[in-house]
Amino acid sequence: MPEVATTPHHVLVCGVGGITGDAVSTALADEGFAVRALVHRTERTDAALATGASHVVVADYDDAPSLAHALDGMDAVFFVAPSYLEAEPRWVEATLEAARLAGVGRFVYQSVLHAYTPTMPHHERKARAEVAVRASGLDWTVLQPAMYAQTVLRIRARSGDGRIDAPYDPEARFAVVDVCDVGAAVAAVLGDARHVYGGYELVGTEAHTLRELVAIMNRGFGEERNIFEVAPHSLPLPSTWSERQREEYALMCEEYGRHGLLGSRAALTALLGRSPADFAEVVERAAGGALR
C-alpha cells in the first residue's frame, strides 16, 4: 500500500474565476491553507486574489510547461473543469501527470453526482476522468456534488419578469447543494488525511421539486413568479457555447425532467460536522436576509 500523505499546506486551486473555484479558494484560505489560484487569463488576477489566494498563476492545461510552473512547490491540487467541455478527461490526465512530475502528493477531483449517466455526455466524461484519477498513483479524493442551489437561483435570474422559465418538468425532484458547502468540504478533505482514497456525494438538501424550490424563492424574494416550461434551446445560454454544448445542455434537461437528480446528505453532513445549508438559507443570503 502507498504511504498516505500528510495534511497539505500549499494548494493549487484550478478553476478560480468560476463559481466553484472561487468558493474553494475562499474556503481554503479561511482555513489557513496557502492557496495558489490557477487562472487562464491574466485579467482574472485581481478577482482571484480577492478570493483569498496568496498568489495567482496563469496556465493552460494543454501547455505542459505552464502546468509545471503552476504546480511547482505545491502539496495538493484541487481540479474542477468548466461545464460541457470535451477536453475534461484529457485535462485531468495532463494535470495528474504534471502533478506526478512535480512531486505533488494530493489530488482532489470534483466530479458530479451520479457521474456514470450515459444519457448525459458531460457526466460520462467525468466518470472517465474519475477512472484516471483513481489510477494515478496519487493520494486522491473524488467529490461528487449535486446541482448547486446557486444554479436554481440562476434560473430565476435569467427568466423574464414575473416568471420562471424552467427547461425541465417542474415536478422533477432535486437535492441541491450550496457551493459554499462544497468549498468547505474541500477544506475538510484536504485537512484530514483520512479522506485520501475517499469518494463522497455532496448533497445539501432533502429532495424538492423544482416547483417547491420556486415557492421558496418566491417567499425569499417577496414576489410571485409563475413557472413556464420552455425548450432548453430557447434560453439565453452563454454566447461562447458551441452547438454541441447546447445540445449536451438539452440532453441534461431531458434527463432531469425524467428522473431529477437525487442523493443523500449523509456524507456532506459528516464531512462538515454540521447540517449543510438548506435551500431556504441560500435564498435568504441571496435576498439579503429577506426570508423569515
# chains A, B, ... in the order shown; residues from 1 in each chain; ligands from 1

$ select_by_dssp --residues "stretch 19-141 of chain A" --states "strand (DSSP E)" --output "ChimeraX atom specification"
/A:34-39,55-58,76-79,106-110,139-141

$ atom_distance --atom1 "atom CA of A:Val176" --atom2 "atom CA of A:Asp278"
8.3 Å

$ residues_around --residues "A:Val92" --least-positions-apart "6" --cutoff "8 Å" --atoms "only C-alpha atoms" --output "ChimeraX atom specification"
/A:79,129,132-133

$ residues_around --residues "A:Ala187" --least-positions-apart "5" --cutoff "9 Å" --atoms "only C-alpha atoms" --output "ChimeraX atom specification"
/A:24,27-29,31,33,182,192

$ write_last_selection --atoms "N, CA and C atoms" --output "PDB file, in the first residue's frame"
ATOM      1  N   VAL A  24     -13.994  27.456  -3.437  1.00  0.00           N
ATOM      2  CA  VAL A  24     -12.954  26.596  -2.854  1.00  0.00           C
ATOM      3  C   VAL A  24     -11.770  27.431  -2.395  1.00  0.00           C
ATOM      4  N   ALA A  27     -12.743  29.171   0.838  1.00  0.00           N
ATOM      5  CA  ALA A  27     -12.848  28.252   1.984  1.00  0.00           C
ATOM      6  C   ALA A  27     -11.473  27.798   2.452  1.00  0.00           C
ATOM      7  N   LEU A  28     -10.587  27.480   1.517  1.00  0.00           N
ATOM      8  CA  LEU A  28      -9.248  27.036   1.906  1.00  0.00           C
ATOM      9  C   LEU A  28      -8.467  28.166   2.579  1.00  0.00           C
ATOM     10  N   ALA A  29      -8.548  29.370   2.011  1.00  0.00           N
ATOM     11  CA  ALA A  29      -7.848  30.495   2.621  1.00  0.00           C
ATOM     12  C   ALA A  29      -8.365  30.763   4.029  1.00  0.00           C
ATOM     13  N   GLU A  31      -9.430  28.648   6.066  1.00  0.00           N
ATOM     14  CA  GLU A  31      -8.958  27.591   6.962  1.00  0.00           C
ATOM     15  C   GLU A  31      -7.442  27.597   7.116  1.00  0.00           C
ATOM     16  N   PHE A  33      -5.024  27.501   4.662  1.00  0.00           N
ATOM     17  CA  PHE A  33      -4.206  26.938   3.593  1.00  0.00           C
ATOM     18  C   PHE A  33      -3.592  28.082   2.778  1.00  0.00           C
ATOM     19  N   VAL A 182     -19.687  23.177  -0.639  1.00  0.00           N
ATOM     20  CA  VAL A 182     -18.722  22.421  -1.445  1.00  0.00           C
ATOM     21  C   VAL A 182     -17.309  22.893  -1.117  1.00  0.00           C
ATOM     22  N   ASP A 192      -7.600  16.573   6.446  1.00  0.00           N
ATOM     23  CA  ASP A 192      -7.594  15.314   7.195  1.00  0.00           C
ATOM     24  C   ASP A 192      -7.192  14.191   6.252  1.00  0.00           C
TER      25      ASP A 192
END

$ closest_residue --among "A:Val112, A:Val16, A:Val11, A:Cys180" --to "A:Asp46" --atoms "only C-alpha atoms"
A:Val16

$ closest_atom_pairs --of "stretch 195-217 of chain A" --to "stretch 144-152 of chain A" --cutoff "7 Å" --atoms "only C-alpha atoms" --output "JSON lines"
{"residue": "A:Tyr200", "atom": "CA", "partner": "A:Gln144", "partner_atom": "CA", "distance": 5.9}
{"residue": "A:Glu201", "atom": "CA", "partner": "A:Gln144", "partner_atom": "CA", "distance": 4.6}
{"residue": "A:Leu202", "atom": "CA", "partner": "A:Pro145", "partner_atom": "CA", "distance": 4.3}
{"residue": "A:Val203", "atom": "CA", "partner": "A:Ala146", "partner_atom": "CA", "distance": 5.4}

$ write_last_selection --atoms "all heavy atoms" --output "mmCIF file, in the first residue's frame"
data_model
loop_
_atom_site.group_PDB
_atom_site.id
_atom_site.type_symbol
_atom_site.label_atom_id
_atom_site.label_comp_id
_atom_site.auth_asym_id
_atom_site.auth_seq_id
_atom_site.Cartn_x
_atom_site.Cartn_y
_atom_site.Cartn_z
ATOM 1 N N TYR A 200 -16.993 10.964 -2.243
ATOM 2 C CA TYR A 200 -18.093 11.478 -1.440
ATOM 3 C C TYR A 200 -19.123 12.205 -2.288
ATOM 4 O O TYR A 200 -18.786 13.114 -3.051
ATOM 5 C CB TYR A 200 -17.566 12.455 -0.386
ATOM 6 C CG TYR A 200 -16.549 11.858 0.549
ATOM 7 C CD1 TYR A 200 -15.207 12.222 0.459
ATOM 8 C CD2 TYR A 200 -16.910 10.922 1.516
ATOM 9 C CE1 TYR A 200 -14.261 11.688 1.313
ATOM 10 C CE2 TYR A 200 -15.978 10.374 2.371
ATOM 11 C CZ TYR A 200 -14.644 10.756 2.265
ATOM 12 O OH TYR A 200 -13.713 10.210 3.110
ATOM 13 N N GLU A 201 -20.401 11.824 -2.120
ATOM 14 C CA GLU A 201 -21.501 12.591 -2.689
ATOM 15 C C GLU A 201 -21.723 13.826 -1.815
ATOM 16 O O GLU A 201 -21.783 13.717 -0.587
ATOM 17 C CB GLU A 201 -22.777 11.753 -2.737
ATOM 18 C CG GLU A 201 -22.715 10.585 -3.703
ATOM 19 C CD GLU A 201 -24.051 9.872 -3.841
ATOM 20 O OE1 GLU A 201 -24.997 10.203 -3.073
ATOM 21 O OE2 GLU A 201 -24.164 9.004 -4.711
ATOM 22 N N LEU A 202 -21.818 14.981 -2.456
ATOM 23 C CA LEU A 202 -22.038 16.223 -1.725
ATOM 24 C C LEU A 202 -23.446 16.721 -2.022
ATOM 25 O O LEU A 202 -23.710 17.310 -3.068
ATOM 26 C CB LEU A 202 -21.000 17.277 -2.133
ATOM 27 C CG LEU A 202 -19.536 16.890 -1.957
ATOM 28 C CD1 LEU A 202 -18.631 18.054 -2.328
ATOM 29 C CD2 LEU A 202 -19.238 16.398 -0.542
ATOM 30 N N VAL A 203 -24.339 16.469 -1.101
ATOM 31 C CA VAL A 203 -25.754 16.819 -1.247
ATOM 32 C C VAL A 203 -26.165 17.629 -0.030
ATOM 33 O O VAL A 203 -25.883 17.232 1.110
ATOM 34 C CB VAL A 203 -26.627 15.550 -1.368
ATOM 35 C CG1 VAL A 203 -28.105 15.906 -1.418
ATOM 36 C CG2 VAL A 203 -26.224 14.754 -2.609
#

$ residues_around --residues "A:Ala98" --least-positions-apart "6" --cutoff "10 Å" --atoms "only C-alpha atoms" --output "ChimeraX atom specification"
/A:61,64-72,92,104

$ write_last_selection --atoms "N, CA, C and O atoms" --output "tab-separated table (two decimals), in the first residue's frame"
chain	number	residue	atom	x	y	z
A	61	TYR	N	-4.06	23.98	-19.49
A	61	TYR	CA	-3.94	22.53	-19.31
A	61	TYR	C	-3.30	21.83	-20.50
A	61	TYR	O	-2.77	20.72	-20.36
A	64	ALA	N	2.16	21.96	-21.15
A	64	ALA	CA	2.85	21.28	-20.06
A	64	ALA	C	3.78	22.19	-19.27
A	64	ALA	O	3.80	22.14	-18.03
A	65	PRO	N	4.58	23.07	-19.92
A	65	PRO	CA	5.45	23.94	-19.12
A	65	PRO	C	4.68	24.87	-18.18
A	65	PRO	O	5.11	25.12	-17.05
A	66	SER	N	3.53	25.38	-18.64
A	66	SER	CA	2.77	26.28	-17.76
A	66	SER	C	2.17	25.51	-16.59
A	66	SER	O	2.10	26.02	-15.46
A	67	LEU	N	1.78	24.26	-16.81
A	67	LEU	CA	1.27	23.43	-15.71
A	67	LEU	C	2.39	23.12	-14.72
A	67	LEU	O	2.18	23.14	-13.50
A	68	ALA	N	3.57	22.80	-15.25
A	68	ALA	CA	4.70	22.51	-14.37
A	68	ALA	C	5.01	23.72	-13.49
A	68	ALA	O	5.27	23.58	-12.28
A	69	HIS	N	4.97	24.90	-14.08
A	69	HIS	CA	5.21	26.13	-13.30
A	69	HIS	C	4.13	26.31	-12.24
A	69	HIS	O	4.42	26.67	-11.09
A	70	ALA	N	2.87	26.05	-12.61
A	70	ALA	CA	1.77	26.23	-11.66
A	70	ALA	C	1.89	25.28	-10.47
A	70	ALA	O	1.53	25.64	-9.34
A	71	LEU	N	2.40	24.08	-10.70
A	71	LEU	CA	2.44	23.06	-9.66
A	71	LEU	C	3.72	23.07	-8.83
A	71	LEU	O	3.80	22.38	-7.81
A	72	ASP	N	4.70	23.83	-9.25
A	72	ASP	CA	5.98	23.85	-8.56
A	72	ASP	C	5.80	24.30	-7.10
A	72	ASP	O	5.24	25.37	-6.82
A	92	VAL	N	-7.66	16.48	-17.18
A	92	VAL	CA	-7.42	15.79	-15.91
A	92	VAL	C	-6.15	14.96	-16.00
A	92	VAL	O	-5.29	15.00	-15.11
A	104	VAL	N	3.80	16.41	-6.45
A	104	VAL	CA	2.61	16.80	-5.68
A	104	VAL	C	1.88	15.53	-5.25
A	104	VAL	O	1.52	14.70	-6.08

$ atom_distance --atom1 "atom CA of A:Arg156" --atom2 "atom CA of A:Ala280"
14.5 Å

$ select_by_dssp --residues "stretch 42-224 of chain A" --states "helix (DSSP H, G or I)" --output "ChimeraX atom specification"
/A:42-50,64-71,88-102,121-134,149-158,179-190,193-195,210-221

$ write_last_selection --atoms "C-alpha atoms" --output "mmCIF file, in the first residue's frame"
data_model
loop_
_atom_site.group_PDB
_atom_site.id
_atom_site.type_symbol
_atom_site.label_atom_id
_atom_site.label_comp_id
_atom_site.auth_asym_id
_atom_site.auth_seq_id
_atom_site.Cartn_x
_atom_site.Cartn_y
_atom_site.Cartn_z
ATOM 1 C CA THR A 42 -4.216 37.476 -16.838
ATOM 2 C CA GLU A 43 -7.165 39.831 -16.420
ATOM 3 C CA ARG A 44 -8.631 37.470 -13.804
ATOM 4 C CA THR A 45 -5.687 38.011 -11.436
ATOM 5 C CA ASP A 46 -7.224 40.687 -9.203
ATOM 6 C CA ALA A 47 -10.506 38.796 -8.830
ATOM 7 C CA ALA A 48 -8.593 35.624 -7.952
ATOM 8 C CA LEU A 49 -6.600 37.424 -5.275
ATOM 9 C CA ALA A 50 -9.881 38.717 -3.832
ATOM 10 C CA ALA A 64 2.848 21.276 -20.055
ATOM 11 C CA PRO A 65 5.446 23.942 -19.118
ATOM 12 C CA SER A 66 2.769 26.276 -17.759
ATOM 13 C CA LEU A 67 1.275 23.434 -15.707
ATOM 14 C CA ALA A 68 4.698 22.515 -14.375
ATOM 15 C CA HIS A 69 5.206 26.126 -13.304
ATOM 16 C CA ALA A 70 1.768 26.230 -11.662
ATOM 17 C CA LEU A 71 2.441 23.057 -9.659
ATOM 18 C CA GLU A 88 -12.055 17.473 -19.498
ATOM 19 C CA PRO A 89 -10.663 13.884 -19.364
ATOM 20 C CA ARG A 90 -7.576 14.992 -21.294
ATOM 21 C CA TRP A 91 -7.061 17.972 -18.999
ATOM 22 C CA VAL A 92 -7.421 15.794 -15.907
ATOM 23 C CA GLU A 93 -4.820 13.353 -17.220
ATOM 24 C CA ALA A 94 -2.460 16.220 -18.123
ATOM 25 C CA THR A 95 -2.790 17.718 -14.651
ATOM 26 C CA LEU A 96 -2.286 14.337 -12.993
ATOM 27 C CA GLU A 97 0.897 13.768 -14.998
ATOM 28 C CA ALA A 98 2.190 17.247 -14.204
ATOM 29 C CA ALA A 99 1.421 16.670 -10.515
ATOM 30 C CA ARG A 100 3.373 13.405 -10.520
ATOM 31 C CA LEU A 101 6.370 15.061 -12.186
ATOM 32 C CA ALA A 102 6.257 17.950 -9.701
ATOM 33 C CA PRO A 121 -22.299 13.048 -22.046
ATOM 34 C CA HIS A 122 -20.736 15.620 -19.734
ATOM 35 C CA HIS A 123 -21.441 13.355 -16.742
ATOM 36 C CA GLU A 124 -19.990 10.341 -18.504
ATOM 37 C CA ARG A 125 -16.784 12.252 -19.279
ATOM 38 C CA LYS A 126 -16.407 12.932 -15.569
ATOM 39 C CA ALA A 127 -16.846 9.217 -14.907
ATOM 40 C CA ARG A 128 -13.927 8.536 -17.283
ATOM 41 C CA ALA A 129 -11.879 11.216 -15.559
ATOM 42 C CA GLU A 130 -12.579 9.559 -12.202
ATOM 43 C CA VAL A 131 -11.000 6.360 -13.524
ATOM 44 C CA ALA A 132 -7.844 8.276 -14.444
ATOM 45 C CA VAL A 133 -7.719 9.880 -11.001
ATOM 46 C CA ARG A 134 -8.046 6.542 -9.206
ATOM 47 C CA ALA A 149 -28.501 25.799 -5.161
ATOM 48 C CA GLN A 150 -26.999 28.768 -6.996
ATOM 49 C CA THR A 151 -27.938 27.120 -10.320
ATOM 50 C CA VAL A 152 -31.594 27.317 -9.308
ATOM 51 C CA LEU A 153 -31.104 30.994 -8.462
ATOM 52 C CA ARG A 154 -29.563 31.439 -11.910
ATOM 53 C CA ILE A 155 -32.756 30.038 -13.473
ATOM 54 C CA ARG A 156 -34.624 32.841 -11.723
ATOM 55 C CA ALA A 157 -32.093 35.467 -12.797
ATOM 56 C CA ARG A 158 -32.318 34.610 -16.488
ATOM 57 C CA VAL A 179 -21.488 25.919 -3.390
ATOM 58 C CA CYS A 180 -20.102 27.404 -0.151
ATOM 59 C CA ASP A 181 -20.589 23.994 1.482
ATOM 60 C CA VAL A 182 -18.722 22.421 -1.445
ATOM 61 C CA GLY A 183 -15.804 24.729 -0.672
ATOM 62 C CA ALA A 184 -15.983 23.768 2.991
ATOM 63 C CA ALA A 185 -15.978 20.082 2.026
ATOM 64 C CA VAL A 186 -12.783 20.545 0.002
ATOM 65 C CA ALA A 187 -11.146 22.156 3.035
ATOM 66 C CA ALA A 188 -12.335 19.261 5.176
ATOM 67 C CA VAL A 189 -10.912 16.522 2.957
ATOM 68 C CA LEU A 190 -7.603 18.344 2.492
ATOM 69 C CA ALA A 193 -5.503 12.572 5.569
ATOM 70 C CA ARG A 194 -8.179 10.001 6.451
ATOM 71 C CA HIS A 195 -10.098 11.206 3.387
ATOM 72 C CA LEU A 210 -38.499 22.481 -8.904
ATOM 73 C CA ARG A 211 -41.970 23.849 -8.157
ATOM 74 C CA GLU A 212 -41.188 23.698 -4.413
ATOM 75 C CA LEU A 213 -37.821 25.392 -4.961
ATOM 76 C CA VAL A 214 -39.561 28.180 -6.862
ATOM 77 C CA ALA A 215 -42.038 28.627 -3.988
ATOM 78 C CA ILE A 216 -39.095 29.044 -1.594
ATOM 79 C CA MET A 217 -37.588 31.669 -3.906
ATOM 80 C CA ASN A 218 -40.917 33.493 -4.158
ATOM 81 C CA ARG A 219 -41.080 33.725 -0.366
ATOM 82 C CA GLY A 220 -37.483 34.752 -0.028
ATOM 83 C CA PHE A 221 -37.579 37.496 -2.636
#

$ residues_around --residues "A:Leu261" --least-positions-apart "4" --cutoff "9 Å" --atoms "only C-alpha atoms" --output "PyMOL selection string"
chain A and resi 113-114+146-147+172-176+207+255-256

$ residues_around --residues "A:Leu251" --least-positions-apart "3" --cutoff "12 Å" --atoms "only C-alpha atoms" --output "PDB file with C-alpha atoms, in the first residue's frame"
ATOM      1  CA  TYR A  84     -19.767  20.627 -21.014  1.00  0.00           C
ATOM      2  CA  THR A 117     -25.192   8.519 -16.537  1.00  0.00           C
ATOM      3  CA  PRO A 118     -24.889   7.673 -20.254  1.00  0.00           C
ATOM      4  CA  THR A 119     -27.769   9.966 -21.235  1.00  0.00           C
ATOM      5  CA  MET A 120     -25.626  12.955 -20.156  1.00  0.00           C
ATOM      6  CA  PRO A 121     -22.299  13.048 -22.046  1.00  0.00           C
ATOM      7  CA  HIS A 122     -20.736  15.620 -19.734  1.00  0.00           C
ATOM      8  CA  HIS A 123     -21.441  13.355 -16.742  1.00  0.00           C
ATOM      9  CA  PRO A 167     -36.126  23.877 -19.014  1.00  0.00           C
ATOM     10  CA  TYR A 168     -37.482  20.666 -17.485  1.00  0.00           C
ATOM     11  CA  ALA A 231     -37.430  24.361 -24.520  1.00  0.00           C
ATOM     12  CA  PRO A 232     -33.775  24.405 -23.359  1.00  0.00           C
ATOM     13  CA  HIS A 233     -32.619  25.900 -26.668  1.00  0.00           C
ATOM     14  CA  ARG A 244     -22.513  20.647 -29.146  1.00  0.00           C
ATOM     15  CA  GLN A 245     -22.502  22.276 -25.682  1.00  0.00           C
ATOM     16  CA  ARG A 246     -26.043  23.498 -26.254  1.00  0.00           C
ATOM     17  CA  GLU A 247     -27.103  20.004 -27.286  1.00  0.00           C
ATOM     18  CA  GLU A 248     -25.486  18.486 -24.197  1.00  0.00           C
ATOM     19  CA  GLU A 254     -34.224  15.863 -20.701  1.00  0.00           C
ATOM     20  CA  GLU A 255     -32.616  13.566 -18.127  1.00  0.00           C
ATOM     21  CA  TYR A 256     -33.510  15.936 -15.307  1.00  0.00           C
ATOM     22  CA  GLY A 257     -37.103  16.108 -16.480  1.00  0.00           C
ATOM     23  CA  ARG A 258     -37.392  12.337 -16.404  1.00  0.00           C
TER      24      ARG A 258
END

$ atom_distance --atom1 "atom CA of A:Val108" --atom2 "atom CA of A:Val77"
6.1 Å

$ closest_residue --among "A:Pro8, A:Pro170, A:Gly160, A:Gly273" --to "A:His208" --atoms "only C-alpha atoms"
A:Pro170

$ closest_residue --among "A:Ser54, A:Thr269, A:Val230, A:Ser239" --to "A:Asp30" --atoms "only C-alpha atoms"
A:Ser54
